[in-house]
Structure formats: structure tokens, C-alpha cells
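**Student:** This structure is in C-alpha cells; I'll ask about it shortly.
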Amino acid sequence: MNGRKSGTDSKTTTPQMVAWALYDWANSAFPTVIQTFVFAAYFTRQIAVNETVGSNQWGNTISIAGLFIAVLGPILGSIADQGKRRKPWIAVFTVMCVIATALLWFIEPSNSFLIPALILVAIGTVSSEFAFIFYNAMLPDLVANKRMGRWSGWGWGLGYAGGLSCLIVSLFVFVQADPPPFGLDASAAEHVRATYILVAGWYLLFAIPLFVWTPDVKGTGMSIRRSIREGLAQLKRSLANVRRYRNIVRFLIARMFYMDGLATIFSFGGIYAAGTFDMSEEQVIMFGIALNVMAGLGAVLFAWMDDRKGSRYTILVSLVGLSIPTLLILLVTSEQWFWILGILLGIFVGPVQAASRTFMGRLAPDNMRNEMFGLFALSGKITTFLGPLMVGWLTYFADSQRVGMSVIVLFLILGLGLLVTVKDADSD
């Protein structure tokens with residue numbers, strides 16, 4: 001069952017859509033700086049007992065947060081569908097993430113701050129992802145099918161650019177500055193902790209245009225209590241009549257597999273580069289930055305393919321583009337070829353994510369978009385532990401990183417094979 005466009009395309013101007021896309025730029029600072037680079041390293045090295053224990057505690061916390069997102073996302077989406085409006089939900093979860101991130105400033109380099117650190121990171125992770133559910137659901141109501149792909153791609157590209165820009169400011173203005181700016185005390189890690197204030201301010205500042213200029217759908221005026229009751233009833237009906245949405249279900253299962261592959265690439269790419277090609281920490285960081293830059297460029301460039309050839313076609317092309325370089329990376333022994341293939345692989349990372357968002361927008365019924373994007377979030381979170389788990393154990397038993405990383409190719413091919421069975425979305 002496919003959704004039909006009933007949005008506000010004739011009323012949505014380019015500046016209003018730019019304001020929408022800027023939220024991608026705003027939101028991405030949290031996963032880039034907090035989850036991946038700066039705070040994650042700060043936690044394992046300066047708060048946890050040691051890096052091994054810290055990595056385990058960090059992984060468990062992110063996994064628990066992912067479980068909350070997977071379970072509660074569709075429920076919140078169903079409830080929100082009753083009231084229709086998305087911006088109030090985005091505002092609540094944005095503020096929650098901003099506050100949790102800003103409070104990380106008070107996490108000093110001591111094991112006594114371990115529990116508060118993990119709680120704040122979990123709150124920030126859950127709230128940022130919940131905000132993104134409703135942000136994604138806005139897209140089909142803002143533009144017609146024929147323009148949805150380009151705006152999804154441009155937004156995703158801005159997201160990569162925003163995350164990297166905030167990271168660069170964090171590293172060069174604060175973390176690596178000698179002496180630290182503003183009289184910050186390096187012995188208390190204040191120059192590092194200041195980056196969390198930066199992320200909070202960054203998120204809040206660049207989220208404002210969405211709330212000021214981007215239009216929202218008209219609300220129904222339904223009370224919160226009734227919205228909860230009707231939303232849960234709607235979700236129950238959806239699950240009971242899942243056969244009506246079997247095409248969407250097939251897509252979400254396919255996405256579950258290829259997103260596991262992508263998550264594993266980002267989780268183990270640096271480890272593989274360091275272990276198999278003996279790359280230094282600085283080289284690994286540079287490789288990660290290059291990968292993100294190419295992913296952003298790919299999302300922007302492939303946006304035109306999304307609108308002209310369709311989201312499903314773009315995802316299929318991207319999955320082939322991901323699978324072949326990944327397979328070759330497992331075979332080459334030259335660091336030069338690793339860089340070439342890694343950059344080639346990166347081009348297809350952004351398009352597969354951006355086109356997946358567009359495809360969900362085109363498939364979802366008009367009156368169930370929040371719920372469907374909640375399920376969309378579930379499909380991207382519910383089994384992301386599986387890829388890293390399989391890579392870890394296969395690497396251990398085979399005593400080979402190359403053998404372990406072959407799991408990524410398996411997940412990408414499984415996702416590709418399942419997506420072939422999914423029917424394309426109806427066009428306008």
C-alpha cells in the first residue's frame with residue numbers, strides 16, 4: 001500500500017526547504033562529535049577504568065539507547081499521527097538533546113562521573129534520534145514526489161558537512177589548541193569538555209530556522225490523552241493488518257540488513273585499517289574524514305538520480321556500489337588501493353541513506369507517516385548489534401580481520417536481494 005502526496009508543495013519555498021535541510025546540519029553534530037570522535041574517546045580514556053572496560057560500557061549504553069529508539073519510535077509515531085503536527089515533537093526532543101549535551105560539560109575526567117556520563121549520552125542519543133523521526137516525516141508534506149529525492153539528498157549531504165564542520169571547529173579551536181582558548185584548564189580537560197557546549201549551541205542555533213520558516217501540517221486539535229489512545233489503537237491495527245503493508249515491510253527488512261552492513265563499516269572500518277594496513281591513529285582519522293566527505297558528496301550528487309530514476313533504483317545502484325569495493329578491500333594488500341577503494345565506497349554511503357528516507361516517504365500512507373518513520377527508525381536500529389557481533393566472533397575464530405569483515409558483504413548482498421522483491425513507489 002503506497003502513500004499519496006498531499007503536502008504543501010505549492011506553498012513551500014526554497015528558503016523554507018533550506019531551513020528544513022539545515023536541521024540535518026544541526027542534528028549531525030551530536031553523533032559526529034559526541035558519539036563517534038570526541039566524547040566517546042574522552043569517556044573511554046579519562047572516565048572509564050580502562051579503555052577495554054570503557055568500550056564495553058559505551059557499547060552497552062548505545063545498544064540500550066538503540067533498543068529504546070526501536071521500541072518507542074513506532075509508538076510515538078502512531079501517537080503523533082493523531083495530532084498530525086511534527087514540529088512540537090521535534091522541538092521537545094531537540095531541547096532534550098541540547099540540554100543533555102550541554103550538561104556533559106560537568107563530566108570531569110574521573111571514574112566517579114561514569115554513571116552520569118552514560119545517562120546523559122543515552123538521553124542525548126534517544127532524543128536526537130526521536131527528533132529525526134519526526135523531521136524525516138515532514139519531507140513528504142513539504143515537496144512533491146518529483147522533488148523529494150533531491151531535498152533528501154541535499155539534506156543528508158548537509159548533515160555530513162555539518163558534522164564534519166563542527167568536528168573541525170572542536171579539534172582545532174579547542175582540543176588541539178595550545179594554549180587552550182578562553183583560559184580553559186587543560187589539566188581538568190576543560191578544553192575538551194568545551195566542545196560539548198559547542199555541540200549543544202550548534203544544534204540549537206541551526207535548528208532554529210526549521211521552527212521559524214518551515215511550515216508544518218495543520219494540527220487536528222486532538223487532546224494528548226486521546227492522541228495516545230488513538231495512536232496505540234492505530235499501531236495495533238497496523239500490526240494486525242500487516243499484510244496490507246507487506247511491500248513496506250519487505251523494504252524495512254531489506255533496509256535492516258543493508259543498514260547492518262553500513263553500521264559495521266563505520267564500527268570496524270578504522271579497526272580494520274589499523275590492524276590490517278598498520279595505519280596510525282592520525283591516518284585512521286583522516287580516512288574517516290575522507291569517507292564522510294565522499295558520503296556527503298555522494299548524497300548530493302545522487303539526489304538527481306533519486307528523482308529521475310526513483311529511490312528504489314538509487315538504493316540498488318548504491319548497494320552494488322558498496323558491495324564491490326568492500327569485497328575488493330578484503331582482497332587488496334596495498335594501502336594505496338585501500339584508500340582508493342575506501343573513497344569509492346564512501347560515494348555510495350550517502351545515497352543509500354538519503355534515498356532510503358525518500359523511498360519511505362513515497363511508500364508511507366499519508367495518515368501514517370510518523371508511525372512509518374518510527375518503523376523506519378526501528379529497521380535501522382533493531383539489529384545493528386548483529387553485524388559487529390558477527391565480525392568480532394568470526395575474526396576471533398578465523399584469526400583474520402579479512403574473514404571477519406566479509407560479514408559486511410553478506411549483509412549488503414542480503415539487503416540487495418530483498419530489495420529486488422520490493423515494488424517501486426507510485427509516482428505522482
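All residue names refer to the C-alpha cells as shown: chains lettered A, B, ... in order, residues numbered from 1 in each chain, ligands numbered from 1 in order.
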Tell me which protein, DNA and RNA residues are within 12 Å of Phe287 in chain A, counting only C-alpha atoms, leaving out same-chain ones fewer than 4 positions away, and put them as a VMD selection string.

**Tutor:** chain A and resid 266 269 to 274 279 to 283 291 to 294 335 to 336 338 to 343 345 to 346

**Student:** Do a neighbour search on range 348-356 of chain A at 7 Å with only C-alpha atoms, toss out local chain neighbours closer than 6 positions, and write the hits as an mmCIF file with C-alpha atoms, in the first residue's frame.

**Tutor:**
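As a result, selection_7.cif now contains:
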data_model
loop_
_atom_site.group_PDB
_atom_site.id
_atom_site.type_symbol
_atom_site.label_atom_id
_atom_site.label_comp_id
_atom_site.auth_asym_id
_atom_site.auth_seq_id
_atom_site.Cartn_x
_atom_site.Cartn_y
_atom_site.Cartn_z
ATOM 1 C CA GLY A 149 14.849 12.848 -3.740
ATOM 2 C CA SER A 152 16.510 14.345 0.930
ATOM 3 C CA GLY A 153 19.942 14.045 -0.697
ATOM 4 C CA TRP A 156 21.795 14.331 4.014
ATOM 5 C CA ALA A 295 29.434 10.197 1.564
ATOM 6 C CA GLY A 296 28.151 13.769 1.723
ATOM 7 C CA GLY A 298 27.537 11.239 -2.989
ATOM 8 C CA ALA A 299 24.269 12.103 -1.247
ATOM 9 C CA PHE A 302 22.872 11.102 -6.452
ATOM 10 C CA ASP A 306 16.639 9.618 -6.958
ATOM 11 C CA SER A 311 14.511 5.856 -4.875
ATOM 12 C CA THR A 314 19.148 4.620 -6.476
ATOM 13 C CA ILE A 315 19.346 2.288 -3.472
ATOM 14 C CA SER A 318 24.270 2.255 -4.273
ATOM 15 C CA GLY A 321 28.490 0.347 -5.448
ATOM 16 C CA LEU A 322 29.036 -0.538 -1.797
#

**Student:** Each residue of range 152-194 of chain A lying at most 12 Å from range 30-53 of chain A should get a row with its shortest atom-to-atom pair and the distance in Å to one decimal, counting only C-alpha atoms; could you produce that, ordered by chain and increasing number, as a Markdown table?

**Tutor:**
| residue | atom | partner | partner_atom | distance |
| --- | --- | --- | --- | --- |
| A:Gly159 | CA | A:Thr32 | CA | 9.9 |
| A:Tyr160 | CA | A:Thr32 | CA | 8.8 |
| A:Ala161 | CA | A:Thr32 | CA | 10.5 |
| A:Gly162 | CA | A:Thr32 | CA | 9.1 |
| A:Gly163 | CA | A:Thr32 | CA | 5.4 |
| A:Leu164 | CA | A:Thr32 | CA | 7.2 |
| A:Ser165 | CA | A:Thr32 | CA | 9.8 |
| A:Cys166 | CA | A:Val33 | CA | 7.3 |
| A:Leu167 | CA | A:Val33 | CA | 5.8 |
| A:Ile168 | CA | A:Val33 | CA | 9.5 |
| A:Val169 | CA | A:Val33 | CA | 10.3 |
| A:Ser170 | CA | A:Val33 | CA | 7.9 |
| A:Leu171 | CA | A:Val38 | CA | 8.4 |
| A:Phe174 | CA | A:Val38 | CA | 11.0 |
| A:Val175 | CA | A:Val38 | CA | 8.7 |
| A:Gln176 | CA | A:Val38 | CA | 11.5 |
| A:Ser187 | CA | A:Gln46 | CA | 11.5 |
| A:Ala188 | CA | A:Gln46 | CA | 10.4 |
| A:Ala189 | CA | A:Tyr42 | CA | 9.0 |
| A:Glu190 | CA | A:Tyr42 | CA | 11.4 |
| A:His191 | CA | A:Val38 | CA | 11.2 |
| A:Val192 | CA | A:Val38 | CA | 7.6 |
| A:Arg193 | CA | A:Phe39 | CA | 8.2 |
| A:Ala194 | CA | A:Phe39 | CA | 10.7 |

**Student:** Closest to Tyr196 in chain A among A:Val173, A:Leu327, A:Leu104, A:Ile253, using only C-alpha atoms?

**Tutor:**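 Nearest to Tyr196 in chain A: A:Leu104.
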
**Student:** So that I can see what lies close to Gly374 in chain A, please list as a PyMOL selection string the residues with an atom at most 7 Å from it, counting only C-alpha atoms and leaving out residues fewer than 2 positions away in the same chain.

**Tutor:** chain A and resi 73-74+77+133+370-372+376-378

**Student:** As a PyMOL selection string, list the residues of range 146-394 of chain A assigned to alpha helix (DSSP H) by DSSP on the backbone atoms of this structure.

**Tutor:** chain A and resi 146-169+190-213+224-240+246-277+281-301+303-309+311-329+335-363+369-381+386-394

**Student:** Return the single residue from A:Ile123, A:Ile224, A:Val403, A:Ala233 that is closest to Ile69 in chain A, with distances computed using only C-alpha atoms.

**Tutor:**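 Checking each candidate against Ile69 in chain A, we get A:Ile123 as the closest.
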
**Student:** Between A:Leu344, A:Met148, A:Ala263, A:Leu198, which has the minimum distance to Arg357 in chain A (counting only C-alpha atoms)?

**Tutor:** A:Met148

**Student:** Please report, as a tab-separated table, each residue of range 116-227 of chain A lying at most 10 Å from range 418-427 of chain A, together with the nearest pair of atoms and the separation in Å rounded to one decimal; use only C-alpha atoms, and order rows by chain and ascending residue number.

**Tutor:**
residue	atom	partner	partner_atom	distance
A:Ala144	CA	A:Ser427	CA	9.6
A:Asn145	CA	A:Ser427	CA	6.6
A:Lys146	CA	A:Ser427	CA	7.8

**Student:** Kindly export the residues of the current selection with N, CA and C atoms, as a PDB file, in the first residue's frame.

**Tutor:**
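The new file result.pdb reads:
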ATOM      1  N   ALA A 144       6.725  17.619  -3.493  1.00  0.00           N
ATOM      2  CA  ALA A 144       6.115  16.549  -4.276  1.00  0.00           C
ATOM      3  C   ALA A 144       7.127  15.434  -4.523  1.00  0.00           C
ATOM      4  N   ASN A 145       6.613  14.289  -4.949  1.00  0.00           N
ATOM      5  CA  ASN A 145       7.472  13.135  -5.232  1.00  0.00           C
ATOM      6  C   ASN A 145       8.643  13.478  -6.144  1.00  0.00           C
ATOM      7  N   LYS A 146       8.382  14.265  -7.169  1.00  0.00           N
ATOM      8  CA  LYS A 146       9.404  14.541  -8.178  1.00  0.00           C
ATOM      9  C   LYS A 146      10.554  15.379  -7.639  1.00  0.00           C
TER      10      LYS A 146
END

**Student:** Select, from A:Ile79, A:Ala290, A:Val126, A:Leu252, the residue with the minimum atom-to-atom distance to Cys97 in chain A, counting only C-alpha atoms.

**Tutor:**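 Looking only at the distances to Cys97 in chain A, the closest residue turns out to be A:Val126.
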
**Student:** Nearest to Gln234 in chain A among A:Ile208, A:Leu410, A:Val332, A:Ile75, with distances taken over only C-alpha atoms: which residue is it?

**Tutor:**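 For Gln234 in chain A, the nearest of the given residues is A:Ile75.
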
**Student:** Hey, what's within 10 Å of Leu204 in chain A if we count only C-alpha atoms and toss same-chain stuff fewer than 6 positions away? As an mmCIF file with N, CA and C atoms, in the first residue's frame, please?

**Tutor:**
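In the end it all went to part-v9.cif:
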data_model
loop_
_atom_site.group_PDB
_atom_site.id
_atom_site.type_symbol
_atom_site.label_atom_id
_atom_site.label_comp_id
_atom_site.auth_asym_id
_atom_site.auth_seq_id
_atom_site.Cartn_x
_atom_site.Cartn_y
_atom_site.Cartn_z
ATOM 1 N N TYR A 23 18.329 21.432 9.428
ATOM 2 C CA TYR A 23 18.195 20.621 10.636
ATOM 3 C C TYR A 23 19.101 19.393 10.558
ATOM 4 N N ALA A 26 22.320 20.639 11.712
ATOM 5 C CA ALA A 26 22.304 20.854 13.156
ATOM 6 C C ALA A 26 22.418 19.542 13.928
ATOM 7 N N ASN A 27 21.584 18.594 13.575
ATOM 8 C CA ASN A 27 21.490 17.328 14.306
ATOM 9 C C ASN A 27 22.754 16.492 14.221
ATOM 10 N N ALA A 91 10.713 19.846 18.489
ATOM 11 C CA ALA A 91 11.177 20.849 19.454
ATOM 12 C C ALA A 91 11.475 20.214 20.810
ATOM 13 N N THR A 94 14.568 17.979 20.526
ATOM 14 C CA THR A 94 15.754 18.798 20.274
ATOM 15 C C THR A 94 16.246 19.441 21.566
ATOM 16 N N VAL A 95 15.330 20.022 22.313
ATOM 17 C CA VAL A 95 15.692 20.668 23.586
ATOM 18 C C VAL A 95 16.261 19.641 24.562
ATOM 19 N N CYS A 97 17.916 16.913 23.843
ATOM 20 C CA CYS A 97 19.277 16.571 23.408
ATOM 21 C C CYS A 97 20.241 17.705 23.710
ATOM 22 N N VAL A 98 19.818 18.933 23.447
ATOM 23 C CA VAL A 98 20.673 20.096 23.697
ATOM 24 C C VAL A 98 21.031 20.194 25.178
ATOM 25 N N ILE A 99 20.050 20.016 26.052
ATOM 26 C CA ILE A 99 20.298 20.100 27.499
ATOM 27 C C ILE A 99 21.227 18.980 27.956
ATOM 28 N N LEU A 198 29.836 23.536 22.691
ATOM 29 C CA LEU A 198 29.803 23.908 21.275
ATOM 30 C C LEU A 198 28.738 23.113 20.528
#

**Student:** Pick from A:Phe68, A:Phe134, A:Phe106, A:Trp58: nearest to Trp89 in chain A, with only C-alpha atoms counted?

**Tutor:**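 That would be A:Phe134, the residue with the smallest distance to Trp89 in chain A.
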
**Student:** CA of Phe373 in chain A and CA of Ser238 in chain A are how many Å apart?

**Tutor:**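 So the two atoms, CA of Phe373 in chain A and CA of Ser238 in chain A, lie 13.5 Å apart.
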
**Student:** Calculate how many Å separate CA of Leu412 in chain A from CA of Arg255 in chain A, rounding to one decimal.

**Tutor:**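 Here the two named atoms are 9.3 Å from each other.
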